[in-house]
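These notes concern the structure reproduced below.
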Amino acid sequence: MYFPLGWPKRLKTPSGDSVLISHIVSSCDRMLFAVISKKTLSIWYSKPCVQIVTFTPCQKLFSEIGHFCKGEWKPDSSLVAITTQQNVVVFIKVEVDTSVKNHHCLYVMQEGKTPITPKININGILDSDSVPAIKLTYMAHVSLQSHISCFLSVRDELVVATIDGCLNRLRWTGNKNEKATLHLNDIPVSADLQQFRATRLSSGNSHVCEMEYSPTLGGYSMVLSSGRAVFVIPPSSRGEKTNAHGVWAQEVNDAATVAVNHRYRLIAFGCFSGDGIVYHLDEAVGALEISHRLVISSKEFPDAGLIAGQVTCMKWTPDGTALALAWKNGGLSLWSVFGSLLLCTLGGDYSSSTDSGSLYPAPIVSMEWGLEGYHLWMVSKSVAQTKNGSDPGDNKHREEGDSESINAETNYCTQLLQFQFVKSALTVNPCMSNHEHVFLQGEDKLYMSTGDTMSRSNLHHNHSQQQKPNSGSSSINMGAGYIGNKQWQVIPISHSYLASNWPIRYASVDRAGQCVAVAGKTGFAHYALFSRKWKLFGNETQERDMVVSGGITWWKDFVCLACFNIQGQRDEIRCYPRTAKLDNTFAKVLQVQSQVLLLNTFRDMLITFCADSHVAMFSLERKNVQSNPSVQITKVQEISLTSFIPHPLCVAGLTLTSLMSESVNPKLHPSSKEAESMLVSVSGKLLMFQRDRSGPQIKEEKNKHRPVPFCNPSVVATSVENLWTTTRANVGKVQLMEAMWLGCGSHGMKVWLPLFPRDEGKAHNFMSRRIMLPFRVDIYPLAVLFEDAVILGAACDVVSYTFSSSSYKNMDMPFCTLERTSQIYLHHILRQLLRRNLGVNALDLARSCKELTYFPHVLELLLHEVLEAEATSKEPIPDPLLPRVVAFIQEFPEFLQTIVHCARKTEVALWPYLFSTVGNPKDLFEMCLLNKDLETAATYLIILQNLEKPIVSRQLATILLDSALDRGTWELCRDLVRFLKAIAFPSSPPLSPTGSDYSYSNVSNVGRLRTSSIVEPRDVKLSMPGTAKEKVRHTVSDSIVGGSKKAATKSKPGEPTAEQVYIDMILCRHARKLLASSQIRTLGYFAANMDDFHFVSWLKRERVRAGKLDDFVSAIQTVHSQFEWPMPALSASFLHQLKKSAASSSSLSSSAVEDDLLGPAGDKGDGELIQPLTPVNICKTEEVRGRTIPHRLSEQALSQMGSDEILLRPQLMRTDEISLATIETSDSNSLLGDYEVVNDSVMGGIGEALSLDLEGMSQEAAVSRGPEQAHLELEYLLHIMLEASCLEWALILAVVLRDSLAVVRVVNTASLTDTPLDMIGRMREGLSYLELWADTECLGYKPFLHKIRGEIHVLSKLVETSTSSAPSLSLDVSSAVQNSLEGDSLSSTLSVDEGNLSPTIQSIRADLDALDIEEQGEEDTVQTTKPSDCVIS
């Protein structure tokens, strides 16, 4: 409710022994403060905070009365009464000094050269910025027989308590009222007011130490010298003669001080133990019952009572919503009205700001709240240095005037401190719209969370236009960004308004959080966040003629307020439109009978509570007949609450709601959202008045129903500080939207939740009953987000700053900041419902909130709290809740995740209790694998590591690693590899996991498994025919992909650790599977993410096994598909040459070639290309006869084209106008049917032309490239394959990249190294496949294959040479290059040689199948035979 902000102020006071401050007290209007020291009385002004005048008695008077002790103000602020050490009460008159010029002011605000004339308000006090001149005059004094212990101002008299047990009554004129004097021994005291066992006070309870009077309770709350507390009701002053009687406060025997809350009728006693006890009066029997205790928990500060000492001061805020409490040894705390801790300066950065770790602030001897509770004035007393011990700099500083007053004899000094506070707008203006925002008000600023404005900005994107009538009831979209936002929107209040109307009393914000209104001493002003402008009264006289007295609120785009018209001397209700000028001309004014104390709205209704205890309801209707909108106010109903409330001041909240309790016959559908009930908060007790629909519904004229009367109230809850209801509707979250939330201070929060019938066949058209569920919260609630299931609040944080200057070494003070807090409450409700066996209702509620982003966290909190409570319980639990919670969570797919996350955040000692209910974690792990939830399974693996043997963990980790590798979750794979390394292996580790439950497939040649992480590179011997030349012993790729090998240096070469062998086996097995299935891109990702996998070393071993390629065409298509790499397309110039050659050498008509080859791009420029084919539509090429389709036709359209369908294409014209022409396709036109002729007759005749224009034939290489990232990956893999001598895949990648130089490197590697002959044969046969495939299906590859015909010829020579007689595969590189450059002769015989080697696809495949069978049969001998032993069919 109240939160400190900024630095505390240290007010400068005169130095000297005579001004050692002992007491501070404020006048009734809190504008003047009396600061009392031993010999002086100083009057301070509130705004600005300055000292006005000081009264010092003359020596003669001082000798008669002695030192000043305490003071009290007369209610009209005209007198101050001061008690002295010599049992004297001195009366000093306070009046305005008329002898002072300048309008009897010491200071006057001046703007420009002319001073402004101060204005007088209704109390006769000048403007806040003008300091009045005041003079103090001694009037009289009264001497008493005994020493004065305390005294109190009650109405027109002073009640003075003396140590002889008397309560003396003094009039303000200085006379004693002997007839009204009471003695404690004459007062009977009992446990309650029924006086069955009343007893007289004993001699031990001799006198009163502290006392306060409460008009709402009608009695005195006293602390006796014995430490007991009593509430005394004085004899009636009316005609009937009654005796005084008292009631004991039970369970308190060490009371030290007392403070009374008039609004909530609470009595707070501070004890010597350092705690506080708050009582309320039971109206039934008249006994004092404990409401709550004020105890600093060990979490906040351990042993607070022993360290801080007894309670010395307690003061309630002016609005009665917070209590300030101070201790003897220092420290300050602030509590809400029902015991929620808002501030505690014990420990933390507060104590670190003081020397030697002492408490901050220093011990407080007196405190007083300022106007509207924005300031807390305190007198602190601390030990000062002796004069001999202080340095000259300090003495000089004190001579100039310090804020410390030093007593040289006792070494004490006093300081006058002032804490600044901001408070929630709900404290004095609990209207409906303020409950929907975290909205705080300070003396000159407003604080609202930025999430309020950000999430609602879309509702007010155009505020310059007039709002619609129903714009105020639009739903509010509160997102996760609003919940987690910590920033504040600070709105400075206009100085033009604040200068003459300080302080701000009421503040209100509209439902959308875009408009705010404030009301000060007079008038009001409103502000729009979207325009960032304040709107004030144009006529200042109208502003000063009204005082807002009962609150201010927003209704749509109108400001509704209750005010007192000073000029007309009457109470009114006014509504001002926001869009119009702020003037009474545009206001709707309605006169009321008595002063309005509370104001609120409910949909289109306005409800007021007046000082005569009557509630009035008005209907609001917007009118748009004029240029400026207006509102019509019609009185609907009036109810008297006189018999239900003790005093009008006790009503703290009033609202209408559509909620009903179960006792009412629910004939009305709740969706109608009528005002079914009226909620009234009376001193923390929530009364519910419901409509009485039992009688006949009487109609008035015009068929209008009379307002339905209300039944007698029922008590819904007690200790209520705030309540939240909503008028919005959400069909999916009916339980939350129809609930009512109560903030109950130290009792936590309560929710009044509707329970719907279990019969799913019936519609939820009424509420069957309600249930009140209490739960604890860690924050102070200021707003409730119904749909998001979140509570919003605010908290104070402190930062300590230290001054470096030595002269300010005692000036270290804490700086208080404000932060917004939030808390999820859904798990609290679910737990309470499950505890009451309402699992069906809990399930319905949880299912309605499944879409919340933090719903899994809600389930986790639910399980965690129940587990902690039951597993750590010292007593046996007869009915444990954990099984019900587990069964509840099993209804949601987040079950496995919730269990493991809760276990990870819980102590290991509690795991057996958890898993005895949940089940075996191994079973849960297997469920995660079945559900493919690998991340959750990995978390279970950590649990199992602590519960199972290492071999079990290793087996499960291996299974999970296989699944993670298959799914491509590389980060998880890296974590699992590290996990496997960390598990301790047994002394003689098996190479495969033991146990019959786990089997590993596709694991071969385990005995021959070696990796570069185990063996040095010079020891790696690849099983290949022939002897290889000595290569580079360490490659760049090994260091990049494989990572560091320092981890293996501890073990000797040839003696790898079991962990390394085990992990290498798993990784190599998966890599072999990827390579064998041609998943080359996934293999690249795998190698790049696995630090323990050495890609190049492994490829060198697998190039003749898993790296063997049998189908080059499928490999090319797979690479194109995996890398999303487009198929090459022929350039238009090449197709023109093709057309001309075909026309001259064949009987094919030029039109047919144009239609079939060029298609829509046939008449384009030479530089343009036909749209490249993608891997998706390669197989569809036959259906459209090889024609390349423009990108305007989607792939889906291509796939759905039938042979008899009509294909639309643009007409081939050079004009800007585009028309559509149709082409008809037939079944007889097939790819091989037309282009076999082209391949044989056309291509053979244009070889010479192709050789003359190689540049033009390969223009498509740069244009039809794929994504840049894919290009980089392909080049990297090509580099790796070349380095590992995996030439088949290197050739494939080079062809895909259309990199002729890379093909040259591949062929040179094959010719200069010990490359197996079967690999060279497969490469030559694979290129034959590609040539035939390019001739028939993908013409885009023809130019590139033509370009590398020299390298193809070299491969052919290698095969022919090795198969004839040469024992070696090495050839002369220069001759090979020379042969590759002989373009004329080679081009003429190229197709013929290819035809001889592979005349048909069937023969080639048959030959390779035979070759594959022969290689499999002689797998062991191929690695050791000579190159001449390899036979190519």
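Residue names in the structure tokens use chain letters A, B, ... in the order shown, residue numbers from 1 in each chain, and ligand numbers from 1 in the order shown.
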Non-local contacts of Gln567 (chain A) (12 Å; only C-alpha atoms; under 6 positions in same chain excluded) as a PyMOL selection string: chain A and resi 122+541-547
Surrounding residues of Arg967 (chain A) excluding itself and chain neighbours under 6 positions, 12 Å, only C-alpha atoms, as a PyMOL selection string: chain A and resi 929+932-935+960-961+973+1070+1082+1085-1086
Non-local contacts of Thr553 (chain A) (9 Å; only C-alpha atoms; under 2 positions in same chain excluded) as a list in words: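 Near Thr553 (chain A), the qualifying residues are Asn429, Cys431, Met432, Ser433, Asn434, Ala507, Ser508, Val509, Asp510, Ala517, Gly551, Trp555, Phe558, Val559, Cys560, Leu561, Leu599, Asn600 and Thr601 of chain A.
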Leu5 (chain A) surroundings by only C-alpha atoms, 8 Å radius, close-in-sequence under 2 positions cut, as a PyMOL selection string: chain A and resi 3+7+419-422+796+815-818
For the selection you just gave me, I'd like the residues written to a file as an mmCIF file, in the first residue's frame, keeping N, CA and C atoms.
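Saved as out-v3.cif:
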```
data_model
loop_
_atom_site.group_PDB
_atom_site.id
_atom_site.type_symbol
_atom_site.label_atom_id
_atom_site.label_comp_id
_atom_site.auth_asym_id
_atom_site.auth_seq_id
_atom_site.Cartn_x
_atom_site.Cartn_y
_atom_site.Cartn_z
ATOM 1 N N PHE A 3 4.927 2.704 0.006
ATOM 2 C CA PHE A 3 6.276 2.303 -0.365
ATOM 3 C C PHE A 3 7.195 3.514 -0.305
ATOM 4 N N TRP A 7 15.689 9.313 -1.393
ATOM 5 C CA TRP A 7 16.500 9.474 -0.197
ATOM 6 C C TRP A 7 15.672 10.061 0.934
ATOM 7 N N PHE A 419 10.908 10.706 5.789
ATOM 8 C CA PHE A 419 10.835 9.689 4.743
ATOM 9 C C PHE A 419 9.734 10.066 3.757
ATOM 10 N N GLN A 420 10.010 9.848 2.461
ATOM 11 C CA GLN A 420 9.018 10.121 1.429
ATOM 12 C C GLN A 420 8.384 8.807 0.977
ATOM 13 N N PHE A 421 7.074 8.835 0.727
ATOM 14 C CA PHE A 421 6.341 7.630 0.370
ATOM 15 C C PHE A 421 5.462 7.886 -0.848
ATOM 16 N N VAL A 422 5.235 6.811 -1.589
ATOM 17 C CA VAL A 422 4.160 6.762 -2.578
ATOM 18 C C VAL A 422 3.177 5.692 -2.102
ATOM 19 N N CYS A 796 9.607 -2.534 -2.435
ATOM 20 C CA CYS A 796 10.651 -1.529 -2.255
ATOM 21 C C CYS A 796 12.009 -2.217 -2.273
ATOM 22 N N PHE A 815 19.068 4.745 -0.482
ATOM 23 C CA PHE A 815 18.223 5.269 -1.549
ATOM 24 C C PHE A 815 17.196 4.199 -1.898
ATOM 25 N N CYS A 816 15.922 4.525 -1.767
ATOM 26 C CA CYS A 816 14.846 3.561 -1.970
ATOM 27 C C CYS A 816 14.324 3.652 -3.402
ATOM 28 N N THR A 817 14.166 2.516 -4.022
ATOM 29 C CA THR A 817 13.611 2.433 -5.367
ATOM 30 C C THR A 817 12.351 1.586 -5.330
ATOM 31 N N LEU A 818 11.600 1.672 -6.408
ATOM 32 C CA LEU A 818 10.316 0.990 -6.488
ATOM 33 C C LEU A 818 10.377 -0.002 -7.639
#
```
Contact residues around region 177-183 of chain A with only C-alpha atoms at 6 Å, ignoring same-chain residues under 5 positions, as a ChimeraX atom specification: /A:165-170
Written file, previous selection with C-alpha atoms, as an mmCIF file, in the first residue's frame:
```
data_model
loop_
_atom_site.group_PDB
_atom_site.id
_atom_site.type_symbol
_atom_site.label_atom_id
_atom_site.label_comp_id
_atom_site.auth_asym_id
_atom_site.auth_seq_id
_atom_site.Cartn_x
_atom_site.Cartn_y
_atom_site.Cartn_z
ATOM 1 C CA GLY A 165 -3.850 6.571 38.555
ATOM 2 C CA CYS A 166 -6.078 9.553 37.829
ATOM 3 C CA LEU A 167 -7.457 10.641 34.470
ATOM 4 C CA ASN A 168 -7.851 14.397 34.739
ATOM 5 C CA ARG A 169 -9.985 16.441 32.341
ATOM 6 C CA LEU A 170 -8.729 19.911 31.404
#
```
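DSSP annotation of region 469-673 of chain A from backbone atoms: alpha helix (DSSP H) residues are Ala480, Gly481, Tyr482, Ile483, Gly484, His495, Ser496, Tyr497, Leu498, Ala499, Ser500, Asn501, Glu540, Thr541, Gln542, Glu543 and Arg544 of chain A.
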Interatomic distance, CA of Ile92 (chain A) to CA of Glu72 (chain A) (Å, one decimal): 10.5 Å
Length of the CA of Ala580 (chain A) to CA of Val518 (chain A) vector [Å]: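 Separating CA of Ala580 (chain A) from CA of Val518 (chain A) is a distance of 17.2 Å.
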Shell of 12 Å around Arg831 (chain A), only C-alpha atoms, local chain residues under 3 positions omitted, as a PyMOL selection string: chain A and resi 773-776+825-828+834-839+841-843+845-846+858-867+881-882+884-886+888-889
File of the preceding selection, C-alpha atoms, as a PDB file, in the first residue's frame:
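Written out: result04.pdb:
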```
ATOM      1  CA  LEU A 773     -10.078 -20.810  -0.860  1.00  0.00           C
ATOM      2  CA  PRO A 774      -7.279 -19.139   1.122  1.00  0.00           C
ATOM      3  CA  PHE A 775      -3.622 -19.195   0.112  1.00  0.00           C
ATOM      4  CA  ARG A 776      -0.380 -17.403   0.916  1.00  0.00           C
ATOM      5  CA  TYR A 825      -1.631 -18.021  -8.223  1.00  0.00           C
ATOM      6  CA  LEU A 826      -3.187 -20.827 -10.253  1.00  0.00           C
ATOM      7  CA  HIS A 827      -1.311 -23.616  -8.478  1.00  0.00           C
ATOM      8  CA  HIS A 828      -2.613 -22.396  -5.122  1.00  0.00           C
ATOM      9  CA  LEU A 834      -7.530 -31.136  -4.744  1.00  0.00           C
ATOM     10  CA  ARG A 835      -7.265 -31.017  -0.969  1.00  0.00           C
ATOM     11  CA  ARG A 836     -11.063 -30.725  -0.814  1.00  0.00           C
ATOM     12  CA  ASN A 837     -11.536 -33.638  -3.242  1.00  0.00           C
ATOM     13  CA  LEU A 838     -12.741 -31.321  -5.996  1.00  0.00           C
ATOM     14  CA  GLY A 839     -10.497 -32.811  -8.660  1.00  0.00           C
ATOM     15  CA  ASN A 841     -13.361 -28.714 -10.813  1.00  0.00           C
ATOM     16  CA  ALA A 842      -9.591 -28.431 -10.616  1.00  0.00           C
ATOM     17  CA  LEU A 843      -9.279 -30.250 -13.939  1.00  0.00           C
ATOM     18  CA  LEU A 845      -9.996 -24.919 -14.293  1.00  0.00           C
ATOM     19  CA  ALA A 846      -6.579 -26.166 -15.402  1.00  0.00           C
ATOM     20  CA  VAL A 858       2.155 -23.940 -12.667  1.00  0.00           C
ATOM     21  CA  LEU A 859       2.076 -27.734 -12.591  1.00  0.00           C
ATOM     22  CA  GLU A 860       5.669 -27.793 -11.433  1.00  0.00           C
ATOM     23  CA  LEU A 861       4.960 -25.389  -8.569  1.00  0.00           C
ATOM     24  CA  LEU A 862       1.939 -27.439  -7.548  1.00  0.00           C
ATOM     25  CA  LEU A 863       3.952 -30.647  -7.351  1.00  0.00           C
ATOM     26  CA  HIS A 864       6.955 -29.012  -5.707  1.00  0.00           C
ATOM     27  CA  GLU A 865       5.008 -27.370  -2.873  1.00  0.00           C
ATOM     28  CA  VAL A 866       3.072 -30.523  -2.023  1.00  0.00           C
ATOM     29  CA  LEU A 867       6.243 -32.633  -2.163  1.00  0.00           C
ATOM     30  CA  LEU A 881      -2.143 -35.122  -1.146  1.00  0.00           C
ATOM     31  CA  LEU A 882       0.763 -36.116  -3.389  1.00  0.00           C
ATOM     32  CA  ARG A 884      -3.896 -36.885  -6.015  1.00  0.00           C
ATOM     33  CA  VAL A 885      -1.564 -34.227  -7.372  1.00  0.00           C
ATOM     34  CA  VAL A 886       0.361 -36.786  -9.435  1.00  0.00           C
ATOM     35  CA  PHE A 888      -3.994 -34.740 -11.659  1.00  0.00           C
ATOM     36  CA  ILE A 889      -0.782 -33.865 -13.517  1.00  0.00           C
TER      37      ILE A 889
END
```
Counting only C-alpha atoms, what are the residues of region 167-222 of chain A within 10 Å of region 133-147 of chain A, and for each of them which pair of atoms is the nearest and at what distance in Å, to one decimal? Sort the table by chain and rising number, as a Markdown table.
```
| residue | atom | partner | partner_atom | distance |
| --- | --- | --- | --- | --- |
| A:Asn168 | CA | A:Leu144 | CA | 8.9 |
| A:Leu170 | CA | A:Val142 | CA | 8.6 |
| A:Trp172 | CA | A:Ala140 | CA | 9.6 |
| A:Thr173 | CA | A:Ala140 | CA | 8.0 |
| A:Gly174 | CA | A:Val142 | CA | 6.3 |
| A:Asn175 | CA | A:Val142 | CA | 7.6 |
| A:Lys176 | CA | A:Val142 | CA | 8.2 |
```
Keeping only N, CA, C and O atoms, write those residues as a JSON list (two decimals), in the first residue's frame.
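Contents of the output file result-v1.json:
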```
[["chain", "number", "residue", "atom", "x", "y", "z"],
["A", 168, "ASN", "N", -7.35, 13.04, 34.54],
["A", 168, "ASN", "CA", -7.85, 14.40, 34.74],
["A", 168, "ASN", "C", -8.36, 14.97, 33.42],
["A", 168, "ASN", "O", -7.78, 14.71, 32.36],
["A", 170, "LEU", "N", -9.04, 18.49, 31.44],
["A", 170, "LEU", "CA", -8.73, 19.91, 31.40],
["A", 170, "LEU", "C", -9.38, 20.52, 30.18],
["A", 170, "LEU", "O", -9.36, 19.95, 29.10],
["A", 172, "TRP", "N", -9.59, 23.62, 27.34],
["A", 172, "TRP", "CA", -8.56, 24.36, 26.62],
["A", 172, "TRP", "C", -8.44, 25.80, 27.11],
["A", 172, "TRP", "O", -7.48, 26.50, 26.77],
["A", 173, "THR", "N", -9.36, 26.21, 27.93],
["A", 173, "THR", "CA", -9.23, 27.54, 28.53],
["A", 173, "THR", "C", -8.27, 27.55, 29.71],
["A", 173, "THR", "O", -7.92, 28.61, 30.21],
["A", 174, "GLY", "N", -7.87, 26.38, 30.18],
["A", 174, "GLY", "CA", -6.95, 26.29, 31.31],
["A", 174, "GLY", "C", -7.62, 25.88, 32.60],
["A", 174, "GLY", "O", -6.96, 25.81, 33.64],
["A", 175, "ASN", "N", -8.92, 25.55, 32.58],
["A", 175, "ASN", "CA", -9.65, 25.15, 33.78],
["A", 175, "ASN", "C", -9.74, 23.63, 33.84],
["A", 175, "ASN", "O", -9.77, 22.94, 32.82],
["A", 176, "LYS", "N", -9.83, 23.09, 35.07],
["A", 176, "LYS", "CA", -9.99, 21.65, 35.28],
["A", 176, "LYS", "C", -11.46, 21.30, 35.37],
["A", 176, "LYS", "O", -12.25, 22.03, 35.95]]
```
Which of region 208-421 of chain A fall in strand (DSSP E), as a PyMOL selection string: chain A and resi 208-214+219-224+229-233+245-248+255-261+266-271+276-281+288-294+311-316+322-327+332-336+341-344+364-369+375-383+405-407+412-421
Among listed residues A:Arg1349, A:His495, A:Arg228, A:Arg1103, nearest Val1303 (chain A) (using only C-alpha atoms): A:Arg1349
Nearest to Phe689 (chain A) by atom-to-atom distance, counting only C-alpha atoms, from A:Pro709, A:Gly66, A:Gly219, A:Gly331: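 Ranked by minimum distance to Phe689 (chain A), first place goes to A:Pro709.
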Between CA of Asn920 (chain A) and CA of Asp844 (chain A), distance in Å (one decimal):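 Here the two named atoms are 28.7 Å from each other.
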